[in-house]
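upload-v9.cif (mmCIF, C-alpha atoms)
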```
data_start
loop_
_atom_site.label_atom_id
_atom_site.label_comp_id
_atom_site.auth_asym_id
_atom_site.auth_seq_id
_atom_site.Cartn_x
_atom_site.Cartn_y
_atom_site.Cartn_z
CA MET E 2 -15.76 15.30 2.94
CA LYS E 3 -18.57 17.37 4.36
CA LYS E 4 -18.87 20.94 3.27
CA ASP E 5 -16.71 23.36 5.19
CA ILE E 6 -19.06 26.21 5.97
CA LEU E 7 -18.35 29.23 8.17
CA LYS E 8 -21.26 29.87 10.50
CA VAL E 9 -21.43 33.28 12.04
CA ALA E 10 -24.41 34.68 13.93
CA GLY E 11 -26.78 32.22 12.26
CA LYS E 12 -25.51 32.95 8.74
CA SER E 13 -23.77 30.29 6.70
CA LEU E 14 -20.92 31.51 4.53
CA LYS E 15 -19.39 29.41 1.76
CA SER E 16 -16.39 31.69 1.62
CA ARG E 17 -14.14 32.42 4.56
CA LEU E 18 -13.04 35.62 2.92
CA ILE E 19 -14.94 38.77 3.85
CA VAL E 20 -14.05 41.86 1.86
CA GLY E 21 -14.28 45.58 2.47
CA THR E 22 -15.71 47.93 -0.14
CA GLY E 23 -13.64 51.06 0.57
CA LYS E 24 -10.71 52.66 -1.27
CA TYR E 25 -11.62 51.46 -4.78
CA LYS E 26 -11.22 53.67 -7.85
CA ASP E 27 -14.97 53.48 -8.55
CA PHE E 28 -17.99 51.29 -7.90
CA ILE E 29 -17.40 49.25 -11.07
CA GLU E 30 -14.02 48.20 -9.75
CA THR E 31 -15.55 47.52 -6.31
CA ALA E 32 -18.19 45.25 -7.81
CA LYS E 33 -15.67 43.40 -10.01
CA ALA E 34 -13.28 42.84 -7.09
CA VAL E 35 -16.09 41.60 -4.83
CA LYS E 36 -17.17 39.18 -7.55
CA ALA E 37 -13.61 37.93 -8.09
CA SER E 38 -13.15 37.43 -4.35
CA ASP E 39 -16.22 35.16 -4.25
CA ALA E 40 -17.03 36.58 -0.79
CA ASP E 41 -20.53 36.13 0.64
CA MET E 42 -20.17 39.11 2.96
CA VAL E 43 -18.92 42.66 2.45
CA THR E 44 -18.36 45.47 4.93
CA VAL E 45 -19.94 48.86 4.28
CA ALA E 46 -19.77 52.21 6.04
CA ILE E 47 -22.56 54.64 6.91
CA ARG E 48 -22.28 58.28 5.90
CA ARG E 49 -24.37 61.31 5.01
CA ILE E 50 -25.91 61.08 1.55
CA ASN E 51 -24.95 63.74 -0.98
CA ILE E 52 -28.26 65.58 -1.41
CA LEU E 53 -26.93 68.07 -3.92
CA ASP E 54 -25.83 65.62 -6.58
CA LYS E 55 -28.87 63.48 -7.28
CA ASN E 56 -27.26 61.61 -10.14
CA LYS E 57 -24.15 60.56 -8.26
CA PRO E 58 -23.88 56.76 -8.26
CA ILE E 59 -24.32 54.99 -4.94
CA LEU E 60 -22.88 51.70 -3.68
CA THR E 61 -26.21 49.86 -3.64
CA ASP E 62 -26.56 50.47 -7.40
CA TYR E 63 -23.56 48.16 -7.81
CA LEU E 64 -23.82 45.71 -4.92
CA ASN E 65 -27.19 44.21 -4.11
CA PRO E 66 -27.75 43.61 -0.38
CA LYS E 67 -30.22 40.89 -1.33
CA LYS E 68 -27.47 38.92 -3.05
CA ILE E 69 -24.53 39.59 -0.75
CA ILE E 70 -24.56 40.08 3.02
CA PHE E 71 -23.89 43.69 4.00
CA LEU E 72 -21.97 44.05 7.23
CA PRO E 73 -22.34 47.69 8.32
CA ASN E 74 -19.34 49.00 10.22
CA THR E 75 -18.64 51.88 12.58
CA ALA E 76 -15.41 53.00 10.94
CA GLY E 77 -14.54 56.52 11.99
CA CYS E 78 -16.22 56.22 15.40
CA PHE E 79 -13.99 57.06 18.33
CA ASN E 80 -16.39 56.34 21.19
CA SER E 81 -19.27 54.02 22.03
CA ILE E 82 -21.91 56.76 21.64
CA GLU E 83 -20.95 57.44 18.01
CA ALA E 84 -20.75 53.71 17.28
CA LEU E 85 -24.19 53.03 18.76
CA ARG E 86 -25.74 55.92 16.84
CA THR E 87 -24.26 54.65 13.56
CA LEU E 88 -25.39 51.06 14.07
CA ARG E 89 -28.90 51.97 15.12
CA LEU E 90 -29.17 53.94 11.87
CA ALA E 91 -27.81 50.92 9.96
CA ARG E 92 -30.46 48.72 11.53
CA GLU E 93 -33.19 51.16 10.53
CA MET E 94 -31.84 51.37 7.00
CA GLY E 95 -32.03 47.73 6.08
CA GLY E 96 -33.21 45.82 9.10
CA TRP E 97 -29.74 44.34 9.69
CA LYS E 98 -28.86 43.07 13.11
CA LEU E 99 -25.53 41.64 12.07
CA ILE E 100 -22.98 44.42 12.29
CA LYS E 101 -19.28 45.11 12.71
CA LEU E 102 -18.38 47.11 15.78
CA GLU E 103 -15.18 49.10 15.47
CA VAL E 104 -14.35 51.78 18.00
CA LEU E 105 -11.05 53.47 17.27
CA GLY E 106 -8.69 54.85 19.85
CA ASP E 107 -6.33 57.02 17.90
CA LYS E 108 -6.20 58.55 14.41
CA LYS E 109 -2.57 57.68 13.78
CA THR E 110 -2.72 53.97 14.58
CA LEU E 111 -6.48 53.36 14.24
CA TYR E 112 -5.89 50.95 17.10
CA PRO E 113 -9.09 49.75 18.80
CA ASN E 114 -10.24 51.55 21.94
CA MET E 115 -11.08 48.46 23.95
CA MET E 116 -12.72 50.23 26.89
CA GLU E 117 -15.28 51.81 24.56
CA THR E 118 -15.53 48.64 22.44
CA ILE E 119 -16.43 46.52 25.48
CA LYS E 120 -19.00 49.11 26.57
CA ALA E 121 -20.64 49.30 23.12
CA ASN E 122 -20.59 45.51 22.60
CA LYS E 123 -22.56 44.98 25.82
CA ILE E 124 -25.23 47.51 24.87
CA LEU E 125 -25.54 46.22 21.30
CA VAL E 126 -25.92 42.61 22.41
CA LYS E 127 -28.63 43.73 24.85
CA GLU E 128 -30.43 45.51 21.98
CA GLY E 129 -30.42 42.29 19.96
CA PHE E 130 -27.57 43.07 17.57
CA LYS E 131 -25.26 40.31 16.37
CA VAL E 132 -21.90 41.88 16.94
CA MET E 133 -18.76 41.02 15.02
CA VAL E 134 -16.17 42.97 16.88
CA TYR E 135 -12.88 44.46 15.76
CA CYS E 136 -10.47 44.22 18.67
CA THR E 137 -6.89 44.05 19.84
CA ASP E 138 -5.14 40.68 19.91
CA ASP E 139 -5.25 40.53 23.72
CA PRO E 140 -6.73 37.11 24.62
CA ILE E 141 -8.18 38.36 27.91
CA LEU E 142 -10.09 41.20 26.24
CA ALA E 143 -11.18 38.90 23.41
CA LYS E 144 -12.58 36.50 26.00
CA LYS E 145 -14.41 39.35 27.70
CA LEU E 146 -16.09 40.30 24.39
CA GLU E 147 -17.12 36.69 23.82
CA ASP E 148 -18.45 36.32 27.37
CA ASP E 149 -20.49 39.49 26.83
CA GLY E 150 -22.15 37.93 23.80
CA ALA E 151 -20.13 38.93 20.72
CA SER E 152 -20.90 36.81 17.63
CA ALA E 153 -17.37 36.92 16.23
CA ILE E 154 -13.99 38.08 17.49
CA MET E 155 -12.01 40.06 14.95
CA PRO E 156 -8.50 40.82 16.17
CA LEU E 157 -6.20 42.96 14.08
CA ALA E 158 -3.19 41.38 12.36
CA SER E 159 -1.52 44.82 12.36
CA PRO E 160 -2.85 48.41 12.06
CA ILE E 161 -5.68 49.06 9.57
CA GLY E 162 -4.37 49.70 6.06
CA SER E 163 -0.74 49.10 7.08
CA GLY E 164 -0.26 45.90 5.07
CA LEU E 165 2.22 44.68 7.69
CA GLY E 166 0.67 41.23 7.95
CA LEU E 167 0.24 39.02 10.99
CA GLN E 168 2.49 40.49 13.65
CA ASN E 169 1.59 38.39 16.67
CA LYS E 170 0.87 34.81 15.72
CA ILE E 171 1.10 33.66 19.34
CA ASN E 172 -1.72 35.94 20.50
CA ILE E 173 -3.91 35.13 17.50
CA SER E 174 -3.35 31.41 18.22
CA LEU E 175 -4.29 31.87 21.87
CA ILE E 176 -7.51 33.62 20.85
CA ILE E 177 -8.32 30.86 18.32
CA LYS E 178 -7.77 28.16 20.94
CA GLN E 179 -9.98 29.77 23.57
CA SER E 180 -12.85 31.06 21.39
CA LYS E 181 -16.12 29.26 20.77
CA VAL E 182 -17.30 31.93 18.33
CA PRO E 183 -15.57 32.48 14.96
CA VAL E 184 -12.23 34.30 14.99
CA ILE E 185 -11.72 36.44 11.93
CA VAL E 186 -8.50 38.35 11.43
CA ASP E 187 -9.38 41.90 10.49
CA ALA E 188 -6.97 44.64 9.43
CA GLY E 189 -3.31 44.71 8.49
CA ILE E 190 -3.18 41.83 6.02
CA GLY E 191 -0.88 42.98 3.20
CA THR E 192 -0.83 40.23 0.63
CA ALA E 193 -2.35 36.87 -0.20
CA SER E 194 0.26 34.81 1.69
CA ASP E 195 -0.55 36.73 4.90
CA ALA E 196 -4.13 35.47 4.61
CA THR E 197 -2.88 31.91 4.09
CA ILE E 198 -0.76 32.18 7.25
CA ALA E 199 -3.77 33.40 9.25
CA MET E 200 -5.93 30.57 7.93
CA GLU E 201 -3.21 27.97 8.60
CA LEU E 202 -3.13 29.12 12.21
CA GLY E 203 -6.79 28.13 12.42
CA CYS E 204 -8.59 31.43 11.96
CA ASP E 205 -12.18 30.95 10.82
CA GLY E 206 -11.88 33.71 8.25
CA VAL E 207 -10.13 36.89 7.21
CA LEU E 208 -11.43 40.36 6.41
CA ILE E 209 -9.55 42.19 3.68
CA ASN E 210 -9.95 45.67 2.22
CA SER E 211 -6.78 47.67 1.55
CA ALA E 212 -4.68 44.70 0.39
CA ILE E 213 -7.14 44.19 -2.48
CA ALA E 214 -8.21 47.77 -3.18
CA ASN E 215 -4.65 49.15 -3.08
CA ALA E 216 -3.14 46.40 -5.24
CA LYS E 217 -2.02 47.45 -8.73
CA ASN E 218 -4.63 45.06 -10.10
CA PRO E 219 -7.35 44.81 -7.44
CA ILE E 220 -9.45 42.31 -9.37
CA LEU E 221 -6.59 39.87 -9.79
CA MET E 222 -5.61 40.38 -6.14
CA ALA E 223 -9.18 39.59 -5.08
CA LYS E 224 -8.85 36.27 -6.90
CA ALA E 225 -5.44 35.71 -5.26
CA PHE E 226 -7.03 36.22 -1.83
CA LYS E 227 -9.86 33.85 -2.66
CA ASP E 228 -7.35 31.13 -3.50
CA ALA E 229 -5.07 32.00 -0.56
CA VAL E 230 -7.90 31.65 1.96
CA ILE E 231 -9.04 28.33 0.50
CA SER E 232 -5.45 27.12 0.45
CA GLY E 233 -4.75 28.16 4.04
CA ARG E 234 -7.98 26.60 5.26
CA ASN E 235 -7.28 23.30 3.49
CA SER E 236 -3.75 23.33 4.86
CA TYR E 237 -5.10 23.85 8.39
CA LEU E 238 -7.65 21.06 7.99
CA ALA E 239 -5.07 18.73 6.47
CA GLY E 240 -2.74 19.25 9.43
CA ARG E 241 0.85 20.15 8.70
CA MET E 242 3.82 17.79 9.09
CA ASN E 243 6.03 17.99 12.15
CA LYS E 244 9.06 20.24 12.06
CA ASN E 245 12.42 18.48 12.42
CA TYR E 246 15.86 19.92 13.05
CA PHE E 247 17.52 17.50 10.65
CA ALA E 248 16.84 16.29 7.14
CA SER E 249 14.75 13.29 6.26
CA PRO E 250 15.19 11.96 2.69
CA SER E 251 12.11 11.95 0.53
CA SER E 252 13.33 9.02 -1.61
CA PRO E 253 13.80 5.55 -0.07
CA THR E 254 17.39 4.69 0.86
CA LYS E 255 16.72 0.97 0.47
CA GLY E 256 17.80 -0.49 -2.86
CA LEU E 257 20.36 2.24 -3.57
CA ILE E 258 22.82 1.15 -6.27
CA MET N 26 -42.17 78.25 5.43
CA ALA N 27 -39.60 76.66 7.69
CA LYS N 28 -35.83 76.88 7.85
CA ILE N 29 -34.23 73.53 8.50
CA GLN N 30 -30.80 71.92 8.29
CA ILE N 31 -30.31 68.81 6.23
CA ASN N 32 -26.94 67.03 6.45
CA GLY N 33 -25.46 70.28 7.74
CA LYS N 34 -26.88 72.38 4.89
CA LYS N 35 -29.45 75.09 5.56
CA ILE N 36 -32.55 75.00 3.37
CA THR N 37 -36.01 76.54 3.39
CA ILE N 38 -39.08 74.37 2.91
CA LYS N 39 -42.82 74.94 2.66
CA SER N 40 -45.09 74.52 5.67
CA ASN N 41 -46.60 71.11 6.34
CA TYR N 42 -43.62 69.45 4.71
CA SER N 43 -43.07 65.85 5.80
CA ILE N 44 -39.90 63.75 5.76
CA LEU N 45 -41.43 61.83 2.87
CA ASP N 46 -41.82 65.11 0.93
CA LEU N 47 -38.17 65.83 1.63
CA LEU N 48 -37.13 62.44 0.26
CA LYS N 49 -39.24 63.05 -2.85
CA LYS N 50 -37.64 66.48 -3.32
CA TYR N 51 -34.17 64.92 -3.41
CA LYS N 52 -35.36 61.83 -5.32
CA LEU N 53 -34.20 59.50 -2.56
CA SER N 54 -35.55 56.01 -2.07
CA ASN N 55 -36.69 55.43 1.50
CA LYS N 56 -35.40 51.88 1.19
CA LYS N 57 -31.81 53.03 0.82
CA VAL N 58 -31.57 55.62 3.57
CA ALA N 59 -32.02 56.07 7.29
CA ILE N 60 -33.09 59.33 8.86
CA GLU N 61 -32.47 61.11 12.12
CA LEU N 62 -34.61 64.08 13.12
CA ASN N 63 -33.01 66.15 15.87
CA GLY N 64 -30.92 63.18 16.96
CA ILE N 65 -33.80 60.68 17.01
CA ILE N 66 -34.08 57.92 14.43
CA ILE N 67 -37.39 58.05 12.56
CA PRO N 68 -38.85 54.66 11.53
CA LYS N 69 -39.58 54.43 7.80
CA ILE N 70 -43.31 53.98 8.38
CA LYS N 71 -43.46 57.39 10.05
CA TYR N 72 -41.85 59.39 7.22
CA ASN N 73 -45.23 60.74 6.12
CA LYS N 74 -46.30 61.56 9.67
CA ASN N 75 -43.30 63.62 10.72
CA PHE N 76 -43.68 67.25 9.64
CA LEU N 77 -40.69 69.54 9.69
CA LYS N 78 -40.56 72.80 11.61
CA ASP N 79 -38.15 75.71 12.02
CA ASN N 80 -34.64 74.78 13.22
CA ASP N 81 -35.13 71.06 12.73
CA LYS N 82 -31.95 69.14 12.03
CA VAL N 83 -32.28 66.25 9.62
CA GLU N 84 -29.57 63.70 8.92
CA ILE N 85 -29.98 61.40 5.93
CA VAL N 86 -27.44 58.59 5.73
CA HIS N 87 -26.80 55.67 3.42
CA PHE N 88 -24.31 52.86 2.89
CA ILE N 89 -21.02 53.71 1.23
CA GLY N 90 -17.87 51.71 0.58
CA GLY N 91 -15.90 50.91 3.70
CA GLY N 92 -13.63 48.36 5.31
#
```

Any chance you could give the structure as structure tokens?
Amino acid sequence: MKKDILKVAGKSLKSRLIVGTGKYKDFIETAKAVKASDADMVTVAIRRINILDKNKPILTDYLNPKKIIFLPNTAGCFNSIEALRTLRLAREMGGWKLIKLEVLGDKKTLYPNMMETIKANKILVKEGFKVMVYCTDDPILAKKLEDDGASAIMPLASPIGSGLGLQNKINISLIIKQSKVPVIVDAGIGTASDATIAMELGCDGVLINSAIANAKNPILMAKAFKDAVISGRNSYLAGRMNKNYFASPSSPTKGLI
Amino acid sequence: MAKIQINGKKITIKSNYSILDLLKKYKLSNKKVAIELNGIIIPKIKYNKNFLKDNDKVEIVHFIGGG
């Protein structure tokens, strides 16, 4: 069988699991969980540096952007102007053009603001960014983002950090069927089986943060997600059996004594 | 002397102080940060050419953990 590689914006990823680096107890735990997840790509945020505490550890002391792909996000941005400012700074910092656009609409739900997301996506694509875009699970809006040049469509399974799992399989399936760019479920996955379900639907990948970081044992959960994503992908590729209303015996009936 | 704001904090610096001098003062590696001066991103190669003056607002950002 030929190798099953996820290609996104010219990058080839062995793993279809992308992990976030927020909410961990410390950077040691972050690094261990990332390693256990076997992910090739991690999301990172951009914030002011603490100039007063020079000895405070920083993320890049623990995760090397030369060894793992950093996907800078715009978490905390509530309009396109803030998102553009953040991503232009990210580009200057490391020369990255591959970024995650996330424009939020509301603090309580952290639901995407699609009007601002569409606006920012257009500008970023024009500026040469490769945009992986966090979005609602509305197929029409997802199509719009793709038509405008997004490199990956990342619909939410349920609200960020909610752990409620995949709430609208029909919409996610519609987006998978229509998209020519990778579809990566981002946000809301609660446990490993949720990731398997998303992968069995035909998603190209999943992005997980809270479900790993907030687990009682994040490192073990990272491993669970690694296996769950591989399992779901293999299941999708293998093609599931048909569903039947009635039973069908697994043992032959011929030759019964 | 010049009074500037760095990441929202007011500080006083010497005259003819460049962004590069500022990074050295705080022991920051220019490879790990990005800098905005009065809302405009300064390319790394210009850190030694941009001198700070009174009321300048400097933002120094870096990557942190996030989802």

- Task: Fewer than 5 positions away in the same chain doesn't count, so skip those; otherwise give me all residues within 6 Å of Ala27 of chain N, counting all atoms listed in the file, as a ChimeraX atom specification.
- Result: /N:37-38,78-79

I'd like to see the residues matched by the PyMOL selection byres ((chain E) within 10 of (chain N)) on this file, and ideally I'd get them as a PDB file with C-alpha atoms, in the frame of the given file.
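Dumped to out13.pdb:
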```pdb
ATOM      1  CA  ILE E  19     -14.940  38.770   3.850  1.00  0.00           C
ATOM      2  CA  VAL E  20     -14.050  41.860   1.860  1.00  0.00           C
ATOM      3  CA  GLY E  21     -14.280  45.580   2.470  1.00  0.00           C
ATOM      4  CA  THR E  22     -15.710  47.930  -0.140  1.00  0.00           C
ATOM      5  CA  GLY E  23     -13.640  51.060   0.570  1.00  0.00           C
ATOM      6  CA  LYS E  24     -10.710  52.660  -1.270  1.00  0.00           C
ATOM      7  CA  TYR E  25     -11.620  51.460  -4.780  1.00  0.00           C
ATOM      8  CA  ASP E  27     -14.970  53.480  -8.550  1.00  0.00           C
ATOM      9  CA  PHE E  28     -17.990  51.290  -7.900  1.00  0.00           C
ATOM     10  CA  THR E  31     -15.550  47.520  -6.310  1.00  0.00           C
ATOM     11  CA  VAL E  43     -18.920  42.660   2.450  1.00  0.00           C
ATOM     12  CA  THR E  44     -18.360  45.470   4.930  1.00  0.00           C
ATOM     13  CA  VAL E  45     -19.940  48.860   4.280  1.00  0.00           C
ATOM     14  CA  ALA E  46     -19.770  52.210   6.040  1.00  0.00           C
ATOM     15  CA  ILE E  47     -22.560  54.640   6.910  1.00  0.00           C
ATOM     16  CA  ARG E  48     -22.280  58.280   5.900  1.00  0.00           C
ATOM     17  CA  ARG E  49     -24.370  61.310   5.010  1.00  0.00           C
ATOM     18  CA  ILE E  50     -25.910  61.080   1.550  1.00  0.00           C
ATOM     19  CA  ASN E  51     -24.950  63.740  -0.980  1.00  0.00           C
ATOM     20  CA  ILE E  52     -28.260  65.580  -1.410  1.00  0.00           C
ATOM     21  CA  LEU E  53     -26.930  68.070  -3.920  1.00  0.00           C
ATOM     22  CA  ASP E  54     -25.830  65.620  -6.580  1.00  0.00           C
ATOM     23  CA  LYS E  55     -28.870  63.480  -7.280  1.00  0.00           C
ATOM     24  CA  ASN E  56     -27.260  61.610 -10.140  1.00  0.00           C
ATOM     25  CA  ILE E  59     -24.320  54.990  -4.940  1.00  0.00           C
ATOM     26  CA  LEU E  60     -22.880  51.700  -3.680  1.00  0.00           C
ATOM     27  CA  THR E  61     -26.210  49.860  -3.640  1.00  0.00           C
ATOM     28  CA  PHE E  71     -23.890  43.690   4.000  1.00  0.00           C
ATOM     29  CA  LEU E  72     -21.970  44.050   7.230  1.00  0.00           C
ATOM     30  CA  PRO E  73     -22.340  47.690   8.320  1.00  0.00           C
ATOM     31  CA  ASN E  74     -19.340  49.000  10.220  1.00  0.00           C
ATOM     32  CA  THR E  75     -18.640  51.880  12.580  1.00  0.00           C
ATOM     33  CA  ALA E  76     -15.410  53.000  10.940  1.00  0.00           C
ATOM     34  CA  ARG E  86     -25.740  55.920  16.840  1.00  0.00           C
ATOM     35  CA  THR E  87     -24.260  54.650  13.560  1.00  0.00           C
ATOM     36  CA  ARG E  89     -28.900  51.970  15.120  1.00  0.00           C
ATOM     37  CA  LEU E  90     -29.170  53.940  11.870  1.00  0.00           C
ATOM     38  CA  ALA E  91     -27.810  50.920   9.960  1.00  0.00           C
ATOM     39  CA  ARG E  92     -30.460  48.720  11.530  1.00  0.00           C
ATOM     40  CA  GLU E  93     -33.190  51.160  10.530  1.00  0.00           C
ATOM     41  CA  MET E  94     -31.840  51.370   7.000  1.00  0.00           C
ATOM     42  CA  GLY E  95     -32.030  47.730   6.080  1.00  0.00           C
ATOM     43  CA  LYS E 101     -19.280  45.110  12.710  1.00  0.00           C
ATOM     44  CA  ILE E 161      -5.680  49.060   9.570  1.00  0.00           C
ATOM     45  CA  GLY E 162      -4.370  49.700   6.060  1.00  0.00           C
ATOM     46  CA  ASP E 187      -9.380  41.900  10.490  1.00  0.00           C
ATOM     47  CA  ALA E 188      -6.970  44.640   9.430  1.00  0.00           C
ATOM     48  CA  LEU E 208     -11.430  40.360   6.410  1.00  0.00           C
ATOM     49  CA  ILE E 209      -9.550  42.190   3.680  1.00  0.00           C
ATOM     50  CA  ASN E 210      -9.950  45.670   2.220  1.00  0.00           C
ATOM     51  CA  SER E 211      -6.780  47.670   1.550  1.00  0.00           C
TER      52      SER E 211
END
```

| request: Given the file shown, enumerate the residues that the PyMOL selection byres ((chain N and resi 81) around 8) captures and present them as a list of chain:residue names. | output: N:Lys28, N:Ile29, N:Gln30, N:Leu62, N:Asn63, N:Leu77, N:Lys78, N:Asp79, N:Asn80, N:Lys82, N:Val83

Box in all listed atoms of segment 27-43 of chain N, axis-aligned, with 4 Å more on each side; write out centre and edge lengths in Å to one decimal as AutoDock Vina command-line options.
```
--center_x -36.0 --center_y 71.4 --center_z 5.6 --size_x 29.1 --size_y 19.0 --size_z 13.8
```

Point (-28.9, 44.0, 17.8), cut-off 6 Å, counting all atoms listed in the file, residues as a list in words: Lys98, Leu125, Val126, Glu128, Gly129, Phe130 and Lys131 of chain E

Open item on the list: the PyMOL selection byres ((chain E and resi 235-242) around 7) - which residues does that actually catch in the file I just gave you? List them as a PyMOL selection string.
Closed with: chain E and resi 200-203+231-234+243-244

Judged by all atoms listed in the file, the minimum distance to Leu142 of chain E among E:Cys204, E:Ile82, E:Ala158, E:Ile119 is found for E:Ile119

For this session: In Å, rounded to a single decimal, give me how far atom CA of Tyr72 of chain N is from atom CA of Leu47 of chain N.
Result: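 These atoms are spaced 9.3 Å apart.
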
- Using all atoms listed in the file, which residues sit within 12 Å of Lys108 of chain E once same-chain residues fewer than 2 positions away are excluded, as a PyMOL selection string? chain E and resi 76-79+104-106+110-114+160-161

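From atom CA of Tyr135 of chain E back to atom CA of Glu103 of chain E, the distance works out to 5.2 Å.
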
List every protein, DNA or RNA residue with an atom no more than 8 Å from (-12.4, 38.3, -6.5) in the file's coordinates, counting all atoms listed in the file, and format the result as an mmCIF file with C-alpha atoms, in the coordinates of the input.
```cif
data_model
loop_
_atom_site.group_PDB
_atom_site.id
_atom_site.type_symbol
_atom_site.label_atom_id
_atom_site.label_comp_id
_atom_site.auth_asym_id
_atom_site.auth_seq_id
_atom_site.Cartn_x
_atom_site.Cartn_y
_atom_site.Cartn_z
ATOM 1 C CA LYS E 33 -15.670 43.400 -10.010
ATOM 2 C CA ALA E 34 -13.280 42.840 -7.090
ATOM 3 C CA VAL E 35 -16.090 41.600 -4.830
ATOM 4 C CA LYS E 36 -17.170 39.180 -7.550
ATOM 5 C CA ALA E 37 -13.610 37.930 -8.090
ATOM 6 C CA SER E 38 -13.150 37.430 -4.350
ATOM 7 C CA ASP E 39 -16.220 35.160 -4.250
ATOM 8 C CA ALA E 40 -17.030 36.580 -0.790
ATOM 9 C CA ILE E 220 -9.450 42.310 -9.370
ATOM 10 C CA LEU E 221 -6.590 39.870 -9.790
ATOM 11 C CA MET E 222 -5.610 40.380 -6.140
ATOM 12 C CA ALA E 223 -9.180 39.590 -5.080
ATOM 13 C CA LYS E 224 -8.850 36.270 -6.900
ATOM 14 C CA ALA E 225 -5.440 35.710 -5.260
ATOM 15 C CA PHE E 226 -7.030 36.220 -1.830
ATOM 16 C CA LYS E 227 -9.860 33.850 -2.660
#
```

Atom CA of Leu45 of chain N sits from atom CA of Ile100 of chain E at a separation of 27.1 Å

Give me, as a PyMOL selection string, all polymer residues having an atom no more than 10 Å from Lys8 of chain E, counting only C-alpha atoms and skipping those fewer than 3 positions away in the same chain. chain E and resi 5+11-15+17+152-153+182-183+205
